[in-house]
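*Asks:* protein_20.cif (mmCIF, C-alpha atoms) pasted underneath:
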```cif
data_protein
loop_
_atom_site.group_PDB
_atom_site.id
_atom_site.type_symbol
_atom_site.label_atom_id
_atom_site.label_comp_id
_atom_site.auth_asym_id
_atom_site.auth_seq_id
_atom_site.Cartn_x
_atom_site.Cartn_y
_atom_site.Cartn_z
ATOM 1 C CA MET A 2 -2.553 -16.264 9.100
ATOM 2 C CA GLY A 3 -2.775 -18.225 12.337
ATOM 3 C CA THR A 4 -6.054 -19.354 13.832
ATOM 4 C CA ILE A 5 -7.624 -17.779 16.919
ATOM 5 C CA ASP A 6 -9.864 -19.478 19.455
ATOM 6 C CA LYS A 7 -13.300 -18.214 18.451
ATOM 7 C CA LYS A 8 -14.775 -18.148 21.941
ATOM 8 C CA ALA A 9 -11.922 -15.935 23.190
ATOM 9 C CA PHE A 10 -12.084 -13.818 20.024
ATOM 10 C CA ILE A 11 -15.829 -13.131 20.405
ATOM 11 C CA ALA A 12 -15.470 -12.543 24.167
ATOM 12 C CA ASN A 13 -12.780 -9.924 23.515
ATOM 13 C CA LEU A 14 -14.927 -8.051 20.963
ATOM 14 C CA TYR A 15 -17.955 -8.300 23.266
ATOM 15 C CA GLN A 16 -16.051 -6.791 26.198
ATOM 16 C CA ARG A 17 -14.654 -3.964 24.057
ATOM 17 C CA THR A 18 -18.131 -3.193 22.681
ATOM 18 C CA GLU A 19 -19.503 -3.091 26.229
ATOM 19 C CA VAL A 20 -16.886 -0.419 27.045
ATOM 20 C CA ILE A 21 -17.947 1.603 23.980
ATOM 21 C CA LEU A 22 -21.620 1.296 24.940
ATOM 22 C CA GLU A 23 -20.871 2.333 28.517
ATOM 23 C CA LYS A 24 -19.092 5.483 27.287
ATOM 24 C CA ALA A 25 -22.043 6.357 25.089
ATOM 25 C CA VAL A 26 -24.565 5.863 27.897
ATOM 26 C CA GLN A 27 -22.596 7.505 30.704
ATOM 27 C CA GLN A 28 -20.859 10.296 28.752
ATOM 28 C CA TYR A 29 -22.290 11.141 25.333
ATOM 29 C CA GLN A 30 -25.925 10.699 26.361
ATOM 30 C CA ASN A 31 -25.462 13.303 29.100
ATOM 31 C CA LEU A 32 -23.860 15.994 26.945
ATOM 32 C CA ASP A 33 -25.819 19.084 25.958
ATOM 33 C CA GLU A 34 -26.447 20.016 22.338
ATOM 34 C CA LEU A 35 -23.681 22.616 22.358
ATOM 35 C CA SER A 36 -21.097 20.039 23.426
ATOM 36 C CA LEU A 37 -22.327 17.475 20.904
ATOM 37 C CA ASN A 38 -22.071 20.012 18.070
ATOM 38 C CA PHE A 39 -18.789 21.641 19.107
ATOM 39 C CA SER A 40 -15.888 21.591 16.635
ATOM 40 C CA THR A 41 -12.754 23.724 16.544
ATOM 41 C CA ASN A 42 -13.179 24.655 12.867
ATOM 42 C CA SER A 43 -15.039 23.704 9.686
ATOM 43 C CA ASP A 44 -12.439 21.039 8.828
ATOM 44 C CA THR A 45 -12.927 19.037 12.036
ATOM 45 C CA TRP A 46 -15.886 16.970 13.164
ATOM 46 C CA SER A 47 -18.062 17.397 16.221
ATOM 47 C CA ILE A 48 -19.022 14.491 18.498
ATOM 48 C CA ALA A 49 -22.416 14.322 16.779
ATOM 49 C CA GLN A 50 -20.700 14.090 13.387
ATOM 50 C CA VAL A 51 -18.396 11.313 14.589
ATOM 51 C CA LEU A 52 -21.410 9.369 15.831
ATOM 52 C CA SER A 53 -23.267 10.022 12.571
ATOM 53 C CA HIS A 54 -20.273 8.588 10.701
ATOM 54 C CA LEU A 55 -20.254 5.492 12.916
ATOM 55 C CA ASN A 56 -24.029 5.131 12.615
ATOM 56 C CA SER A 57 -23.694 5.032 8.828
ATOM 57 C CA TYR A 58 -21.524 1.927 9.219
ATOM 58 C CA GLY A 59 -24.050 0.361 11.575
ATOM 59 C CA ASN A 60 -26.883 1.153 9.155
ATOM 60 C CA TYR A 61 -25.079 -0.806 6.456
ATOM 61 C CA TYR A 62 -23.553 -3.726 8.370
ATOM 62 C CA LEU A 63 -25.958 -4.516 11.207
ATOM 63 C CA PRO A 64 -28.868 -5.573 8.935
ATOM 64 C CA LYS A 65 -26.462 -7.774 6.969
ATOM 65 C CA MET A 66 -25.145 -9.400 10.145
ATOM 66 C CA GLU A 67 -28.650 -9.886 11.500
ATOM 67 C CA ALA A 68 -29.661 -11.454 8.165
ATOM 68 C CA VAL A 69 -26.821 -13.984 8.567
ATOM 69 C CA LEU A 70 -28.277 -15.009 11.921
ATOM 70 C CA GLN A 71 -31.753 -15.438 10.435
ATOM 71 C CA GLN A 72 -30.461 -17.943 7.888
ATOM 72 C CA PRO A 73 -30.240 -21.597 8.868
ATOM 73 C CA HIS A 74 -26.686 -22.566 9.770
ATOM 74 C CA GLU A 75 -24.979 -25.493 11.407
ATOM 75 C CA LEU A 76 -23.550 -25.084 14.885
ATOM 76 C CA SER A 77 -19.872 -24.265 14.411
ATOM 77 C CA LEU A 78 -17.146 -23.949 17.018
ATOM 78 C CA THR A 79 -14.455 -23.663 14.330
ATOM 79 C CA ALA A 80 -11.542 -21.352 15.179
ATOM 80 C CA TYR A 81 -11.372 -17.957 13.498
ATOM 81 C CA THR A 82 -8.743 -17.453 10.797
ATOM 82 C CA PRO A 83 -8.076 -13.787 9.933
ATOM 83 C CA SER A 84 -7.419 -12.998 6.263
ATOM 84 C CA TRP A 85 -4.511 -10.821 5.131
ATOM 85 C CA LEU A 86 -6.949 -8.209 3.770
ATOM 86 C CA GLY A 87 -9.010 -8.136 6.935
ATOM 87 C CA THR A 88 -5.856 -7.810 9.039
ATOM 88 C CA TYR A 89 -4.730 -4.921 6.838
ATOM 89 C CA PHE A 90 -8.040 -3.062 7.310
ATOM 90 C CA VAL A 91 -8.077 -3.688 11.071
ATOM 91 C CA ASN A 92 -4.486 -2.461 11.460
ATOM 92 C CA MET A 93 -5.360 0.695 9.481
ATOM 93 C CA MET A 94 -7.975 1.511 12.122
ATOM 94 C CA ASP A 95 -5.769 0.734 15.135
ATOM 95 C CA ALA A 96 -5.128 4.126 16.785
ATOM 96 C CA ASN A 97 -2.164 2.610 18.643
ATOM 97 C CA ARG A 98 -0.488 1.635 15.364
ATOM 98 C CA SER A 99 -1.317 4.625 13.192
ATOM 99 C CA SER A 100 -2.396 8.217 13.728
ATOM 100 C CA LYS A 101 -2.862 8.727 9.987
ATOM 101 C CA ARG A 102 -6.117 10.463 9.079
ATOM 102 C CA TYR A 103 -8.366 8.927 6.440
ATOM 103 C CA LYS A 104 -11.022 10.762 4.467
ATOM 104 C CA ALA A 105 -14.422 9.171 5.003
ATOM 105 C CA ALA A 106 -16.014 7.598 1.942
ATOM 106 C CA LYS A 107 -18.931 9.546 0.478
ATOM 107 C CA GLN A 108 -21.548 7.145 1.880
ATOM 108 C CA HIS A 109 -20.050 7.517 5.354
ATOM 109 C CA GLN A 110 -19.805 11.312 5.482
ATOM 110 C CA PRO A 111 -21.677 12.597 8.556
ATOM 111 C CA LEU A 112 -25.050 14.225 8.131
ATOM 112 C CA VAL A 113 -26.469 15.522 11.405
ATOM 113 C CA SER A 114 -29.936 16.995 11.783
ATOM 114 C CA ASP A 115 -30.456 16.043 15.446
ATOM 115 C CA ALA A 116 -27.420 15.532 17.692
ATOM 116 C CA TYR A 117 -29.423 13.745 20.390
ATOM 117 C CA ALA A 118 -30.854 11.335 17.810
ATOM 118 C CA GLU A 119 -27.326 10.403 16.723
ATOM 119 C CA VAL A 120 -26.414 9.482 20.301
ATOM 120 C CA ALA A 121 -29.589 7.424 20.735
ATOM 121 C CA GLN A 122 -29.014 5.623 17.451
ATOM 122 C CA PHE A 123 -25.397 4.861 18.343
ATOM 123 C CA ILE A 124 -26.452 3.373 21.689
ATOM 124 C CA ASN A 125 -29.105 1.259 19.955
ATOM 125 C CA GLN A 126 -26.564 0.037 17.415
ATOM 126 C CA GLN A 127 -24.062 -1.007 20.090
ATOM 127 C CA GLU A 128 -26.807 -2.963 21.863
ATOM 128 C CA ARG A 129 -27.611 -4.716 18.563
ATOM 129 C CA MET A 130 -23.907 -5.370 18.034
ATOM 130 C CA LEU A 131 -23.678 -7.090 21.412
ATOM 131 C CA LYS A 132 -26.611 -9.358 20.524
ATOM 132 C CA CYS A 133 -24.977 -10.225 17.196
ATOM 133 C CA LEU A 134 -21.628 -10.976 18.805
ATOM 134 C CA LYS A 135 -23.257 -13.305 21.334
ATOM 135 C CA ALA A 136 -25.102 -15.136 18.570
ATOM 136 C CA PHE A 137 -21.987 -15.428 16.390
ATOM 137 C CA GLU A 138 -20.428 -17.748 18.973
ATOM 138 C CA THR A 139 -22.059 -20.612 17.050
ATOM 139 C CA VAL A 140 -21.401 -19.329 13.505
ATOM 140 C CA ASP A 141 -18.354 -20.081 11.344
ATOM 141 C CA VAL A 142 -17.001 -16.518 11.217
ATOM 142 C CA SER A 143 -14.177 -17.458 8.830
ATOM 143 C CA ARG A 144 -16.358 -18.886 6.061
ATOM 144 C CA THR A 145 -19.301 -16.463 6.282
ATOM 145 C CA ARG A 146 -18.579 -13.435 4.090
ATOM 146 C CA ILE A 147 -20.142 -9.960 3.732
ATOM 147 C CA ARG A 148 -19.633 -7.297 1.042
ATOM 148 C CA ILE A 149 -17.965 -4.158 2.365
ATOM 149 C CA SER A 150 -19.760 -0.815 2.078
ATOM 150 C CA ILE A 151 -17.066 1.145 0.254
ATOM 151 C CA ALA A 152 -16.362 -1.470 -2.464
ATOM 152 C CA LYS A 153 -19.203 -3.938 -3.027
ATOM 153 C CA PHE A 154 -16.967 -6.247 -5.094
ATOM 154 C CA ILE A 155 -14.868 -6.962 -1.968
ATOM 155 C CA LYS A 156 -16.096 -9.400 0.662
ATOM 156 C CA LEU A 157 -14.601 -9.823 4.121
ATOM 157 C CA ASN A 158 -15.117 -12.830 6.293
ATOM 158 C CA LEU A 159 -17.380 -12.145 9.253
ATOM 159 C CA GLY A 160 -14.574 -12.349 11.813
ATOM 160 C CA ASP A 161 -12.526 -9.750 9.948
ATOM 161 C CA LEU A 162 -15.565 -7.499 9.660
ATOM 162 C CA LEU A 163 -16.367 -7.744 13.370
ATOM 163 C CA SER A 164 -12.752 -6.918 14.244
ATOM 164 C CA PHE A 165 -12.786 -3.958 11.884
ATOM 165 C CA LEU A 166 -16.071 -2.530 13.201
ATOM 166 C CA VAL A 167 -14.988 -2.676 16.842
ATOM 167 C CA MET A 168 -11.521 -1.245 16.067
ATOM 168 C CA HIS A 169 -13.130 1.493 13.932
ATOM 169 C CA ASN A 170 -15.438 2.427 16.809
ATOM 170 C CA GLU A 171 -12.509 2.503 19.233
ATOM 171 C CA ARG A 172 -10.503 4.730 16.879
ATOM 172 C CA HIS A 173 -13.334 7.250 16.846
ATOM 173 C CA MET A 174 -13.742 7.068 20.628
ATOM 174 C CA VAL A 175 -10.166 8.383 20.770
ATOM 175 C CA GLN A 176 -11.233 11.148 18.368
ATOM 176 C CA ILE A 177 -14.197 12.043 20.597
ATOM 177 C CA LYS A 178 -11.895 12.234 23.619
ATOM 178 C CA ARG A 179 -9.703 14.664 21.657
ATOM 179 C CA ILE A 180 -12.735 16.781 20.708
ATOM 180 C CA GLN A 181 -13.779 16.958 24.372
ATOM 181 C CA ARG A 182 -10.255 18.010 25.363
ATOM 182 C CA GLU A 183 -10.241 20.714 22.662
ATOM 183 C CA GLN A 184 -13.618 21.988 23.873
ATOM 184 C CA THR A 185 -12.360 22.195 27.452
ATOM 185 C CA GLU A 186 -9.280 24.123 26.276
ATOM 186 C CA ALA A 187 -11.417 26.483 24.171
ATOM 187 C CA LEU A 188 -13.725 27.205 27.122
ATOM 188 C CA SER A 189 -10.724 27.821 29.390
ATOM 189 C CA GLN A 190 -9.212 30.279 26.897
ATOM 190 C CA ARG A 191 -12.556 32.054 26.578
ATOM 191 C CA THR A 192 -12.771 32.362 30.365
ATOM 192 C CA VAL A 193 -9.246 33.778 30.572
ATOM 193 C CA LEU A 194 -9.962 36.306 27.795
ATOM 194 C CA ALA A 195 -13.228 37.337 29.437
ATOM 195 C CA THR A 196 -11.411 37.831 32.757
ATOM 196 C CA LEU A 197 -8.694 39.943 31.123
ATOM 197 C CA ALA A 198 -11.276 42.035 29.308
ATOM 198 C CA SER A 199 -13.275 42.803 32.455
#
```
When written as structure tokens, how does the structure in this file appear?

*Replies:*
Amino acid sequence: MGTIDKKAFIANLYQRTEVILEKAVQQYQNLDELSLNFSTNSDTWSIAQVLSHLNSYGNYYLPKMEAVLQQPHELSLTAYTPSWLGTYFVNMMDANRSSKRYKAAKQHQPLVSDAYAEVAQFINQQERMLKCLKAFETVDVSRTRIRISIAKFIKLNLGDLLSFLVMHNERHMVQIKRIQREQTEALSQRTVLATLAS
């Protein structure tokens, strides 16, 4: 795998995370409970469930990333070198490359008790992610490794993990946009039916 300028790599992930955070603050935070919990059927997720799924990743990875920053480390401006495994995982999550659906691992299945709390937690996690990304500018993201949540015997280098997490979030932002479109269509159909029935 070729090397990537780390400053540009981190800046790209930072900018993309800012876009995700902005969507959460400007859109998801202003939705009512009905919209957050809407799903077309029992086999599809609601926005709150998508966010719960993403929050489960943040709950696992953010403390591990923050722990890396608390450890003493030498200033490193070394370029980032993606691994073949990390590249494979990132490409799996790229909505522009693949529309294939993946079943969420058991530990990442959504569990929603409060839709508003899921939105608030997601916003908080994206703010923490931005702080981590900024701090990782001085960390060797190719040599630092973290165990992945779905198979603890596998470790990804930090750069691969950061790429995966941002791409995974973006993939589910596309899913949320689809859910919102489906809700709009469902409401329109209901309005038409109500008009015809009156």

*Asks:* Per residue of segment 41-158 of chain A within 8 Å of segment 171-189 of chain A, record the nearest atom pair and its distance in Å to one decimal, counting all atoms listed in the file, with rows in chain order and ascending residue number, as JSON lines.

*Replies:*
```
{"residue": "A:Thr41", "atom": "CA", "partner": "A:Glu183", "partner_atom": "CA", "distance": 7.3}
{"residue": "A:Ser47", "atom": "CA", "partner": "A:Ile180", "partner_atom": "CA", "distance": 7.0}
{"residue": "A:Ile48", "atom": "CA", "partner": "A:Ile177", "partner_atom": "CA", "distance": 5.8}
{"residue": "A:Val51", "atom": "CA", "partner": "A:His173", "partner_atom": "CA", "distance": 6.9}
{"residue": "A:Met94", "atom": "CA", "partner": "A:Arg172", "partner_atom": "CA", "distance": 6.3}
{"residue": "A:Asp95", "atom": "CA", "partner": "A:Arg172", "partner_atom": "CA", "distance": 6.4}
{"residue": "A:Ala96", "atom": "CA", "partner": "A:Arg172", "partner_atom": "CA", "distance": 5.4}
```

*Asks:* As a check of understanding, name the residues that the PyMOL selection byres ((chain A and resi 8-19) around 8) selects in the supplied structure, as a list in words.

*Replies:*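 Output from the PyMOL selection byres ((chain A and resi 8-19) around 8), applied to this file: Ile5, Asp6, Lys7, Val20, Ile21, Leu22, Glu23, Leu78, Tyr81, Gln127, Met130, Leu131, Leu134, Lys135, Phe137, Glu138, Leu163, Ser164 and Val167 of chain A.
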
*Asks:* Using C-alpha atoms, can you export the residues from the last selection as an mmCIF file, keeping the file's coordinate frame?

*Replies:*
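Heads up, here's the output in result_26.cif:
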```cif
data_model
loop_
_atom_site.group_PDB
_atom_site.id
_atom_site.type_symbol
_atom_site.label_atom_id
_atom_site.label_comp_id
_atom_site.auth_asym_id
_atom_site.auth_seq_id
_atom_site.Cartn_x
_atom_site.Cartn_y
_atom_site.Cartn_z
ATOM 1 C CA ILE A 5 -7.624 -17.779 16.919
ATOM 2 C CA ASP A 6 -9.864 -19.478 19.455
ATOM 3 C CA LYS A 7 -13.300 -18.214 18.451
ATOM 4 C CA VAL A 20 -16.886 -0.419 27.045
ATOM 5 C CA ILE A 21 -17.947 1.603 23.980
ATOM 6 C CA LEU A 22 -21.620 1.296 24.940
ATOM 7 C CA GLU A 23 -20.871 2.333 28.517
ATOM 8 C CA LEU A 78 -17.146 -23.949 17.018
ATOM 9 C CA TYR A 81 -11.372 -17.957 13.498
ATOM 10 C CA GLN A 127 -24.062 -1.007 20.090
ATOM 11 C CA MET A 130 -23.907 -5.370 18.034
ATOM 12 C CA LEU A 131 -23.678 -7.090 21.412
ATOM 13 C CA LEU A 134 -21.628 -10.976 18.805
ATOM 14 C CA LYS A 135 -23.257 -13.305 21.334
ATOM 15 C CA PHE A 137 -21.987 -15.428 16.390
ATOM 16 C CA GLU A 138 -20.428 -17.748 18.973
ATOM 17 C CA LEU A 163 -16.367 -7.744 13.370
ATOM 18 C CA SER A 164 -12.752 -6.918 14.244
ATOM 19 C CA VAL A 167 -14.988 -2.676 16.842
#
```

*Asks:* Report the distance between atom CA of Ala49 of chain A and atom CA of Ala118 of chain A in Å, rounded to one decimal place.

*Replies:*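 Here the two named atoms are 9.0 Å from each other.
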
*Asks:* My list of candidates is A:Glu34, A:Asp44, A:Arg148, A:Met66. Which is closest to Lys104 of chain A when distances are computed with only C-alpha atoms?

*Replies:*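 Smallest separation from Lys104 of chain A among the options: A:Asp44.
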
*Asks:* Which of these, A:Ala80, A:Leu55, A:Leu162, A:Ala152, has the shortest distance to Val140 of chain A once you count all atoms listed in the file?

*Replies:*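 With all atoms listed in the file as the atom set, the closest residue is A:Ala80.
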
*Asks:* May I ask which of the residues A:Glu67, A:Tyr62, A:Ser53, A:Val26 is the closest one to Ala136 of chain A, counting all atoms listed in the file?

*Replies:*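 Selected residue with least distance to Ala136 of chain A: A:Glu67.
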
*Asks:* Please indicate the distance in Å from atom CA of Asp161 of chain A to atom CA of Ile149 of chain A, rounded to one decimal place.

*Replies:*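 Between these atoms lies a distance of 10.9 Å.
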
*Asks:* Kindly indicate which residue among A:Leu166, A:Met93, A:Ile155, A:Leu32 lies nearest to Tyr58 of chain A, using all atoms listed in the file for the distances.

*Replies:* A:Leu166

*Asks:* If the box runs along x, y and z of the file and leaves 6 Å on each side of segment 86-98 of chain A, what are its centre and edge lengths in Å, one decimal, as JSON?

*Replies:*
```
{"center_x": -4.7, "center_y": -2.0, "center_z": 11.2, "size_x": 20.5, "size_y": 24.3, "size_z": 26.9}
```

*Asks:* Could you please fill out segment 103-138 of chain A with N, CA and C atoms and send it back as a PDB file, in the frame of the given file?

*Replies:*
```
ATOM      1  N   TYR A 103      -7.790   9.423   7.685  1.00  0.00           N
ATOM      2  CA  TYR A 103      -8.366   8.927   6.440  1.00  0.00           C
ATOM      3  C   TYR A 103      -9.630   9.717   6.127  1.00  0.00           C
ATOM      4  N   LYS A 104      -9.802  10.059   4.878  1.00  0.00           N
ATOM      5  CA  LYS A 104     -11.022  10.762   4.467  1.00  0.00           C
ATOM      6  C   LYS A 104     -12.165   9.752   4.389  1.00  0.00           C
ATOM      7  N   ALA A 105     -13.274  10.075   5.008  1.00  0.00           N
ATOM      8  CA  ALA A 105     -14.422   9.171   5.003  1.00  0.00           C
ATOM      9  C   ALA A 105     -15.000   9.049   3.600  1.00  0.00           C
ATOM     10  N   ALA A 106     -15.370   7.830   3.234  1.00  0.00           N
ATOM     11  CA  ALA A 106     -16.014   7.598   1.942  1.00  0.00           C
ATOM     12  C   ALA A 106     -17.322   8.385   1.888  1.00  0.00           C
ATOM     13  N   LYS A 107     -17.748   8.697   0.672  1.00  0.00           N
ATOM     14  CA  LYS A 107     -18.931   9.546   0.478  1.00  0.00           C
ATOM     15  C   LYS A 107     -20.146   9.037   1.252  1.00  0.00           C
ATOM     16  N   GLN A 108     -20.368   7.699   1.215  1.00  0.00           N
ATOM     17  CA  GLN A 108     -21.548   7.145   1.880  1.00  0.00           C
ATOM     18  C   GLN A 108     -21.427   7.137   3.408  1.00  0.00           C
ATOM     19  N   HIS A 109     -20.242   7.476   3.902  1.00  0.00           N
ATOM     20  CA  HIS A 109     -20.050   7.517   5.354  1.00  0.00           C
ATOM     21  C   HIS A 109     -19.721   8.920   5.865  1.00  0.00           C
ATOM     22  N   GLN A 110     -19.964   9.930   5.026  1.00  0.00           N
ATOM     23  CA  GLN A 110     -19.805  11.312   5.482  1.00  0.00           C
ATOM     24  C   GLN A 110     -20.935  11.627   6.471  1.00  0.00           C
ATOM     25  N   PRO A 111     -20.628  12.309   7.564  1.00  0.00           N
ATOM     26  CA  PRO A 111     -21.677  12.597   8.556  1.00  0.00           C
ATOM     27  C   PRO A 111     -22.717  13.583   8.053  1.00  0.00           C
ATOM     28  N   LEU A 112     -23.944  13.332   8.453  1.00  0.00           N
ATOM     29  CA  LEU A 112     -25.050  14.225   8.131  1.00  0.00           C
ATOM     30  C   LEU A 112     -25.933  14.311   9.373  1.00  0.00           C
ATOM     31  N   VAL A 113     -25.791  15.393  10.111  1.00  0.00           N
ATOM     32  CA  VAL A 113     -26.469  15.522  11.405  1.00  0.00           C
ATOM     33  C   VAL A 113     -27.613  16.524  11.324  1.00  0.00           C
ATOM     34  N   SER A 114     -28.805  16.070  11.667  1.00  0.00           N
ATOM     35  CA  SER A 114     -29.936  16.995  11.783  1.00  0.00           C
ATOM     36  C   SER A 114     -30.379  17.110  13.243  1.00  0.00           C
ATOM     37  N   ASP A 115     -30.071  16.072  14.039  1.00  0.00           N
ATOM     38  CA  ASP A 115     -30.456  16.043  15.446  1.00  0.00           C
ATOM     39  C   ASP A 115     -29.346  15.331  16.222  1.00  0.00           C
ATOM     40  N   ALA A 116     -28.562  16.091  16.964  1.00  0.00           N
ATOM     41  CA  ALA A 116     -27.420  15.532  17.692  1.00  0.00           C
ATOM     42  C   ALA A 116     -27.846  14.460  18.703  1.00  0.00           C
ATOM     43  N   TYR A 117     -28.951  14.716  19.398  1.00  0.00           N
ATOM     44  CA  TYR A 117     -29.423  13.745  20.390  1.00  0.00           C
ATOM     45  C   TYR A 117     -29.832  12.429  19.723  1.00  0.00           C
ATOM     46  N   ALA A 118     -30.430  12.537  18.539  1.00  0.00           N
ATOM     47  CA  ALA A 118     -30.854  11.335  17.810  1.00  0.00           C
ATOM     48  C   ALA A 118     -29.650  10.489  17.404  1.00  0.00           C
ATOM     49  N   GLU A 119     -28.539  11.142  17.087  1.00  0.00           N
ATOM     50  CA  GLU A 119     -27.326  10.403  16.723  1.00  0.00           C
ATOM     51  C   GLU A 119     -26.810   9.593  17.911  1.00  0.00           C
ATOM     52  N   VAL A 120     -26.851  10.196  19.087  1.00  0.00           N
ATOM     53  CA  VAL A 120     -26.414   9.482  20.301  1.00  0.00           C
ATOM     54  C   VAL A 120     -27.322   8.287  20.560  1.00  0.00           C
ATOM     55  N   ALA A 121     -28.627   8.502  20.485  1.00  0.00           N
ATOM     56  CA  ALA A 121     -29.589   7.424  20.735  1.00  0.00           C
ATOM     57  C   ALA A 121     -29.416   6.291  19.737  1.00  0.00           C
ATOM     58  N   GLN A 122     -29.198   6.647  18.478  1.00  0.00           N
ATOM     59  CA  GLN A 122     -29.014   5.623  17.451  1.00  0.00           C
ATOM     60  C   GLN A 122     -27.728   4.842  17.691  1.00  0.00           C
ATOM     61  N   PHE A 123     -26.673   5.538  18.081  1.00  0.00           N
ATOM     62  CA  PHE A 123     -25.397   4.861  18.343  1.00  0.00           C
ATOM     63  C   PHE A 123     -25.550   3.865  19.490  1.00  0.00           C
ATOM     64  N   ILE A 124     -26.228   4.270  20.545  1.00  0.00           N
ATOM     65  CA  ILE A 124     -26.452   3.373  21.689  1.00  0.00           C
ATOM     66  C   ILE A 124     -27.238   2.142  21.244  1.00  0.00           C
ATOM     67  N   ASN A 125     -28.296   2.369  20.469  1.00  0.00           N
ATOM     68  CA  ASN A 125     -29.105   1.259  19.955  1.00  0.00           C
ATOM     69  C   ASN A 125     -28.260   0.314  19.096  1.00  0.00           C
ATOM     70  N   GLN A 126     -27.398   0.876  18.283  1.00  0.00           N
ATOM     71  CA  GLN A 126     -26.564   0.037  17.415  1.00  0.00           C
ATOM     72  C   GLN A 126     -25.573  -0.804  18.215  1.00  0.00           C
ATOM     73  N   GLN A 127     -25.014  -0.232  19.277  1.00  0.00           N
ATOM     74  CA  GLN A 127     -24.062  -1.007  20.090  1.00  0.00           C
ATOM     75  C   GLN A 127     -24.777  -2.135  20.834  1.00  0.00           C
ATOM     76  N   GLU A 128     -26.016  -1.899  21.228  1.00  0.00           N
ATOM     77  CA  GLU A 128     -26.807  -2.963  21.863  1.00  0.00           C
ATOM     78  C   GLU A 128     -27.092  -4.083  20.862  1.00  0.00           C
ATOM     79  N   ARG A 129     -27.395  -3.706  19.624  1.00  0.00           N
ATOM     80  CA  ARG A 129     -27.611  -4.716  18.563  1.00  0.00           C
ATOM     81  C   ARG A 129     -26.320  -5.468  18.263  1.00  0.00           C
ATOM     82  N   MET A 130     -25.208  -4.751  18.283  1.00  0.00           N
ATOM     83  CA  MET A 130     -23.907  -5.370  18.034  1.00  0.00           C
ATOM     84  C   MET A 130     -23.603  -6.432  19.099  1.00  0.00           C
ATOM     85  N   LEU A 131     -23.908  -6.124  20.337  1.00  0.00           N
ATOM     86  CA  LEU A 131     -23.678  -7.090  21.412  1.00  0.00           C
ATOM     87  C   LEU A 131     -24.504  -8.360  21.203  1.00  0.00           C
ATOM     88  N   LYS A 132     -25.753  -8.189  20.788  1.00  0.00           N
ATOM     89  CA  LYS A 132     -26.611  -9.358  20.524  1.00  0.00           C
ATOM     90  C   LYS A 132     -26.045 -10.190  19.386  1.00  0.00           C
ATOM     91  N   CYS A 133     -25.567  -9.510  18.335  1.00  0.00           N
ATOM     92  CA  CYS A 133     -24.977 -10.225  17.196  1.00  0.00           C
ATOM     93  C   CYS A 133     -23.737 -10.988  17.631  1.00  0.00           C
ATOM     94  N   LEU A 134     -22.868 -10.328  18.373  1.00  0.00           N
ATOM     95  CA  LEU A 134     -21.628 -10.976  18.805  1.00  0.00           C
ATOM     96  C   LEU A 134     -21.925 -12.235  19.610  1.00  0.00           C
ATOM     97  N   LYS A 135     -22.884 -12.138  20.513  1.00  0.00           N
ATOM     98  CA  LYS A 135     -23.257 -13.305  21.334  1.00  0.00           C
ATOM     99  C   LYS A 135     -23.736 -14.447  20.442  1.00  0.00           C
ATOM    100  N   ALA A 136     -24.542 -14.121  19.464  1.00  0.00           N
ATOM    101  CA  ALA A 136     -25.102 -15.136  18.570  1.00  0.00           C
ATOM    102  C   ALA A 136     -24.047 -15.731  17.643  1.00  0.00           C
ATOM    103  N   PHE A 137     -23.018 -14.946  17.300  1.00  0.00           N
ATOM    104  CA  PHE A 137     -21.987 -15.428  16.390  1.00  0.00           C
ATOM    105  C   PHE A 137     -21.052 -16.454  17.021  1.00  0.00           C
ATOM    106  N   GLU A 138     -21.228 -16.711  18.309  1.00  0.00           N
ATOM    107  CA  GLU A 138     -20.428 -17.748  18.973  1.00  0.00           C
ATOM    108  C   GLU A 138     -20.616 -19.107  18.303  1.00  0.00           C
TER     109      GLU A 138
END
```
